[in-house]
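> Quick one: this structure, given as structure tokens, is what I'll be asking you about.
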Amino acid sequence: PGAEVGQAVAAYVDSAHAAFQNVRLLGNQDTLFCAPLPEKEREKDGFLGPRGLAPRRPTAQYYQHCEIAGDIDFIFGGAAAWFEDCDIVSIDGLRDHGDKKEPALGFCTAASTPEGQEFGYVFMKCRFQGEGIPDGAIYLGRPWREFAKTVLLHCELGAHIRPEGWHDWNKPCFPATGYYAEFASTGAGSQGQRAAYVHRLTAEEAEKYTFERFWGSISPEG
């Protein structure tokens with residue numbers, strides 16, 4: 001648990017293009033680091049991560065038939081990352097508070113998409129599941145930076161997902177700068193009244209999210 005050991009990254013992915021198939025990535029806080037880091041830290045002496053002083057280069061990442069598990073911001077970073085037919089598993093959801101355990105809010109994603117990058121995170125036909133999670137306890141994402149982009153297409157959402165779906169991380173600028181969207185979500189977690197800034201895509205709008213277009217959006221040289 002992050003409260004005991006801090007962040008414990010299971011995979012740090014930082015290359016122009018990378019692909020993972022049939023891989024399990026298991027952790028708690030900050031399981032999958034989809035590099036690059038943001039240009040500036042959120043706070044002084046904050047999270048730096050591997051190669052913290054290296055140039056920030058764009059990356060395109062592909063995850064197919066994978067299981068990715070964690071509790072807080074467990075998919076994070078500035079990559080253009082495509083997740084297809086994956087299990088996105090929120091675990092535990094409880095934190096010690098003295099003599100009792102209480103539900104703790106969790107976040108599946110924390111994108112830090114750079115300004116001007118066409119794609120952030122795209123989840124295609126993925127299953128968002130909860131293990132030991134109370135209903136309505138988990139957000140699909142919050143913006144690590146103000147230009148965060150995350151889109152869900154044809155995903156199945158469990159009852160652990162909060163009705164509003166997403167969190168703006170108290171960034172007043174986010175509705176104008178970032179982008180959260182869903183198309184054809186199913187399951188108990190898809191039924192709530194989403195936050196006002198969440199886009200409900202039309203079929204025509206969803207058609208632009210093709211893997212070929214996504215993969216080609218990042219040059220081979222990075």
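The chains in the structure tokens are called A, B, ... from first to last as shown; in each chain the residues are counted from 1, and the ligands are counted from 1 in the order shown.
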Please list as an MDAnalysis selection string every residue within 10 Å of stretch 215-219 of chain A, counting only C-alpha atoms and excluding residues in the same chain fewer than 2 positions away.
chainID A and resid 16:17 57:62 79:82 117:119 210:213 221:222
> Name the residues of stretch 119-168 of chain A that come out as strand (DSSP E) in a backbone DSSP run; write them as a PyMOL selection string.
chain A and resi 121-124+127-131+138-141+149-153+156-157
> Considering only C-alpha atoms, can you say which of A:Gln7, A:Leu201, A:Val89, A:Ile161 comes closest to A:Gln129?
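Nearest candidate to A:Gln129 out of A:Gln7, A:Leu201, A:Val89, A:Ile161: A:Val89.
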> Given only C-alpha atoms as the basis, pick out the residue of A:Tyr63, A:Phe123, A:Phe214, A:Tyr197 nearest to A:Gly165.
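Smallest distance to A:Gly165 is found for A:Tyr197.
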> Show which residues sit within 12 Å of A:Asp87, as number ranges by chain. Count only C-alpha atoms, and ignore same-chain residues fewer than 2 positions away.
A: 22-26, 63-70, 83-85, 89-90, 108, 123-131, 155-158
> Limited to C-alpha atoms, could you put the picked residues into a file as a compact mmCIF listing (two decimals), in the first residue's frame?

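Result file is result_8.txt:
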```txt
# COMPACT_ATOMS: atom_id res chain seq x y z
CA ASN A 22 -0.96 -10.58 -22.39
CA VAL A 23 0.90 -8.92 -19.51
CA ARG A 24 -0.20 -8.45 -15.88
CA LEU A 25 0.91 -5.22 -14.23
CA LEU A 26 0.12 -5.37 -10.52
CA TYR A 63 -1.58 -2.50 -24.32
CA GLN A 64 -3.68 -5.47 -25.48
CA HIS A 65 -5.21 -8.29 -23.40
CA CYS A 66 -3.48 -6.96 -20.28
CA GLU A 67 -4.50 -6.75 -16.63
CA ILE A 68 -3.53 -3.53 -14.87
CA ALA A 69 -4.35 -3.28 -11.17
CA GLY A 70 -3.91 -0.63 -8.49
CA PHE A 83 -5.58 0.06 -24.10
CA GLU A 84 -7.54 -2.64 -25.93
CA ASP A 85 -9.49 -5.52 -24.38
CA VAL A 89 -8.78 -3.47 -11.83
CA SER A 90 -9.20 -1.19 -8.82
CA CYS A 108 -7.84 4.71 -12.31
CA PHE A 123 -9.50 2.65 -23.66
CA MET A 124 -11.16 0.45 -26.28
CA LYS A 125 -13.45 -2.39 -25.16
CA CYS A 126 -11.88 -2.55 -21.71
CA ARG A 127 -13.42 -3.79 -18.47
CA PHE A 128 -13.14 -1.57 -15.39
CA GLN A 129 -13.48 -3.89 -12.41
CA GLY A 130 -13.29 -3.55 -8.64
CA GLU A 131 -11.97 -6.02 -6.05
CA CYS A 155 -16.02 -0.08 -22.09
CA GLU A 156 -17.77 -2.03 -19.32
CA LEU A 157 -17.80 -0.16 -16.01
CA GLY A 158 -18.42 -1.86 -12.68
```
> Counting only C-alpha atoms, what is within 9 Å of A:Val151, bar same-chain residues fewer than 4 positions away, as number ranges by chain?
A: 119-124, 179-183
> With distances taken over only C-alpha atoms, which residue among A:Thr150, A:Thr113, A:Ser15, A:Gln29 lies nearest A:His199?
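Of the candidates, the smallest distance to A:His199 is held by A:Thr150.
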> Might you pull out every residue within 10 Å of A:Pro38, with only C-alpha atoms counted and same-chain residues fewer than 6 positions away left off, and present them as a list of chain:residue names?
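After dropping sequence-adjacent residues, the list is A:Leu48, A:Gly52, A:Arg56, A:Gly77, A:Gly78, A:Ala111, A:Ser112, A:Thr113, A:Pro114, A:Trp144, A:Arg145.
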> If you run DSSP on this backbone, which residues of stretch 38-200 of chain A come out as helix (DSSP H, G or I), and could you give them as an MDAnalysis selection string?
chainID A and resid 174:177 188:190
> Between atom CA of A:Tyr209 and atom CA of A:Phe107, what is the spacing in Å?
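Answer for the atom CA of A:Phe107 to atom CA of A:Tyr209 separation: 23.4 Å.
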> With distances taken over only C-alpha atoms, which of A:Ile88, A:Leu105, A:Leu37, A:Ala19 is nearest to A:Leu53?
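Smallest distance to A:Leu53 is found for A:Leu37.
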